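Participant: Dropping the structure in here first, questions after.
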Amino acid sequence: MSTGLNDNELISRVLGGDQQAYAILIDRYKSYVFTLALRFTKNREDAEEVSQDIFIKAYRALADFRGASKFSTWLYTIVNTTCITFLRKKRLEVHSLDNEKVFEVADSQDSGLRANLVEQKSRIAMVNQAIALLSTDDAEIITLFYKAEQTLEEIAKVLGIESNAVKVRLHRARTRLKDKMQKHFAAEVNDLT
Amino acid sequence: MSEQLTIEERLWEYIDGMSTPEERTVIDRLIEADAAWRAKYSELLEVQQLMLSSELEEPSMRFTKNVMEEIALMHIAPATKTYINKKIIWGITIFFITMIIGFLVYGIGQVKWTSSGDAKFTIDVSNIDFSVMFNNTYLNAFMMMNMILGLFLLDRYLAKKRKKMHEEA
């Protein structure tokens with residue numbers, strides 16, 4: 001398999017009829033897409049189903065990718081819209097940035113997570129669990145910025161908002177994540193650092 | 001609190017490498033001289049490192065295979081710009097503009113421009129005979145022409161869509 005090819009070269013091959021080249025793109029982005037989907041669905045089975053749906057949609061619409069942005073940015077736009085549609089279908093509440101109820105709900109899950117964390121003593125697990133305690137909006141923006149390597153401008157494209165709004169939302173999300181870690185995992189943070 | 005927020009915002013920009021060179025110099029100095037800034041900086045840096053250390057979640061082992069099996073019988077949809085014909089959009093635009101202009105011309109044509117000299121201008125809606133407006137030969141002809149044009153454009157659009165589908169198949 002030609003794994004040395006960049007995204008645009010792979011897309012050209014897929015558009016030219018080499019369907020197997022799409023498998024390389026899936027392997028390249030499946031973890032990013034799955035992680036983002038998981039931030040929305042909070043459930044691995046649903047995240048897997050939604051992620052598959054995202055890659056299928058992206059394949060069908062591949063001819064519309066004109067290379068004006070990175071393939072990943074274009075793909076995350078599909079992730080965002082598909083996940084929002086999924087949540088609407090499931091009639092789950094998409095919590096706003098200032099909705100504190102989500103934290104109350106998340107806090108109720110905390111005792112189990114905390115017990116688990118003490119056993120694992122893992123920095124990675126702690127951060128992932130702290131992100132899981134955040135609202136969907138906060139978790140998504142943090143994942144896009146830190147894990148999906150998207151710039152503020154690219155995140156703005158994905159979310160369909162202004163870069164300045166992304167900056168503000170990212171700042172708020174980080175503050176909330178910091179508060180979550182201090183509130184729930186303070187002892188573990190001290191042990192790890 | 002607001003001052004604290006400003007410190008955090010400025011420090012996050014500094015950590016993200018988004019500050020201007022001048023701002024960086026100022027913050028460098030503040031971190032060096034001010035204990036509160038230094039403490040906040042190390043706290044945020046710790047959060048930053050923790051976030052960078054978080055890992056991506058992995059889907060099931062069969063994930064790629066499942067997607068590839070799903071798309072095996074699928075075709076990539078043609079690019080949107082190829083099936084949204086600009087000529088059709090222009091045709092529809094011209095159709096509506098012609099209708100609006102037609103109505104305006106007709107409406108203006110119905111106005112009696114001569115004034116009786118009486119400044120008092122009163123309209124009695126009950127005295128307006130609407131049947132005259134919609135029972136006019138010219139208006140009927142105009143409406144008929146627009147309908148034919150509309151049907152013609154719709155037929156062209158559907159014929160092109162059908163042709164595209166045949167080509168794909």
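Just so we're on the same page: first chain in the structure tokens is A, next is B, and so on; residues restart at 1 for each chain, and ligands are numbered from 1 in the order they show up.
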Can you list, as a list in words, every protein, DNA or RNA residue that comes within 12 Å of Ala68 of chain A when you count only C-alpha atoms, leaving out same-chain residues fewer than 5 positions away?

Facilitator: Asn8, Thr73, Trp74, Glu154 and Lys157 of chain A

Participant: For N, CA and C atoms, I'd like the residues from the last selection saved as an mmCIF file, in the first residue's frame.

Facilitator:
```
data_model
loop_
_atom_site.group_PDB
_atom_site.id
_atom_site.type_symbol
_atom_site.label_atom_id
_atom_site.label_comp_id
_atom_site.auth_asym_id
_atom_site.auth_seq_id
_atom_site.Cartn_x
_atom_site.Cartn_y
_atom_site.Cartn_z
ATOM 1 N N ASN A 8 -4.023 14.669 -0.330
ATOM 2 C CA ASN A 8 -4.538 15.088 -1.641
ATOM 3 C C ASN A 8 -4.221 14.072 -2.738
ATOM 4 N N THR A 73 -9.623 19.196 7.994
ATOM 5 C CA THR A 73 -10.591 20.264 8.334
ATOM 6 C C THR A 73 -11.936 19.969 7.684
ATOM 7 N N TRP A 74 -11.880 19.562 6.414
ATOM 8 C CA TRP A 74 -13.107 19.219 5.680
ATOM 9 C C TRP A 74 -13.804 18.038 6.346
ATOM 10 N N GLU A 154 -8.905 27.071 11.310
ATOM 11 C CA GLU A 154 -9.479 25.810 10.829
ATOM 12 C C GLU A 154 -10.654 25.369 11.704
ATOM 13 N N LYS A 157 -13.660 27.213 10.757
ATOM 14 C CA LYS A 157 -14.295 26.654 9.560
ATOM 15 C C LYS A 157 -15.153 25.445 9.919
#
```

Participant: If we count only C-alpha atoms, which residues of chain A reach to within 9 Å of chain B? Please list them as a PyMOL selection string.

Facilitator: chain A and resi 15+19-20+22-24+26-27+30-32+34-36+38+44+47-48+51-53+55-56+59-65+123-128+131+142-143+146-147+168+171+174-175+177-178+181+193

Participant: Please compute the atom CA of Met61 of chain B-atom CA of Val33 of chain A distance, one decimal, in Å.

Facilitator: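 The value is 14.7 Å.
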
Participant: Mind pulling up the distance from atom CA of Leu152 of chain A to atom CA of Tyr29 of chain A?

Facilitator: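 According to the coordinates, atom CA of Tyr29 of chain A and atom CA of Leu152 of chain A are separated by 19.5 Å.
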
Participant: Using Å and a single decimal, report how far atom CA of Leu144 of chain A sits from atom CA of Leu170 of chain A.

Facilitator: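 One can read the atom CA of Leu170 of chain A to atom CA of Leu144 of chain A distance as 9.9 Å.
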
Participant: Applying 12 Å and only C-alpha atoms, which residues near Thr98 of chain B remain after dropping the ones on its own chain fewer than 3 positions away? List them as a PyMOL selection string.

Facilitator: chain B and resi 90-95+101-106+142-143+145-147+149-150

Participant: For Ile78 of chain A, please output as a JSON list (two decimals) with N, CA and C atoms, in the first residue's frame all residues within 9 Å (counting only C-alpha atoms; exclusion window: fewer than 3 positions along the same chain).

Facilitator:
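The resulting file, around-v3.json, is reproduced below:
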```json
[["chain", "number", "residue", "atom", "x", "y", "z"],
["A", 54, "ILE", "N", -19.68, 8.77, 9.16],
["A", 54, "ILE", "CA", -18.91, 9.95, 8.73],
["A", 54, "ILE", "C", -17.99, 9.59, 7.55],
["A", 55, "PHE", "N", -17.29, 8.47, 7.66],
["A", 55, "PHE", "CA", -16.38, 8.07, 6.57],
["A", 55, "PHE", "C", -17.15, 7.71, 5.31],
["A", 57, "LYS", "N", -20.09, 9.06, 4.44],
["A", 57, "LYS", "CA", -20.54, 10.35, 3.89],
["A", 57, "LYS", "C", -19.39, 11.06, 3.19],
["A", 58, "ALA", "N", -18.22, 11.02, 3.84],
["A", 58, "ALA", "CA", -17.05, 11.69, 3.26],
["A", 58, "ALA", "C", -16.69, 11.06, 1.91],
["A", 73, "THR", "N", -9.62, 19.20, 7.99],
["A", 73, "THR", "CA", -10.59, 20.26, 8.33],
["A", 73, "THR", "C", -11.94, 19.97, 7.68],
["A", 74, "TRP", "N", -11.88, 19.56, 6.41],
["A", 74, "TRP", "CA", -13.11, 19.22, 5.68],
["A", 74, "TRP", "C", -13.80, 18.04, 6.35],
["A", 75, "LEU", "N", -13.00, 17.04, 6.74],
["A", 75, "LEU", "CA", -13.55, 15.84, 7.38],
["A", 75, "LEU", "C", -14.18, 16.19, 8.74],
["A", 81, "THR", "N", -21.19, 18.12, 11.81],
["A", 81, "THR", "CA", -22.60, 18.11, 11.39],
["A", 81, "THR", "C", -23.26, 16.75, 11.66],
["A", 82, "THR", "N", -22.50, 15.67, 11.40],
["A", 82, "THR", "CA", -23.08, 14.34, 11.61],
["A", 82, "THR", "C", -23.37, 14.10, 13.09],
["A", 83, "CYS", "N", -22.44, 14.51, 13.94],
["A", 83, "CYS", "CA", -22.63, 14.30, 15.38],
["A", 83, "CYS", "C", -23.79, 15.12, 15.91],
["A", 158, "VAL", "N", -14.57, 24.58, 10.76],
["A", 158, "VAL", "CA", -15.28, 23.35, 11.15],
["A", 158, "VAL", "C", -16.58, 23.69, 11.87]]
```

Participant: Counting only C-alpha atoms, figure out which residue out of A:Glu153, A:Glu45, A:Glu9, A:Asp179 gets nearest to Leu134 of chain A.

Facilitator: A:Asp179
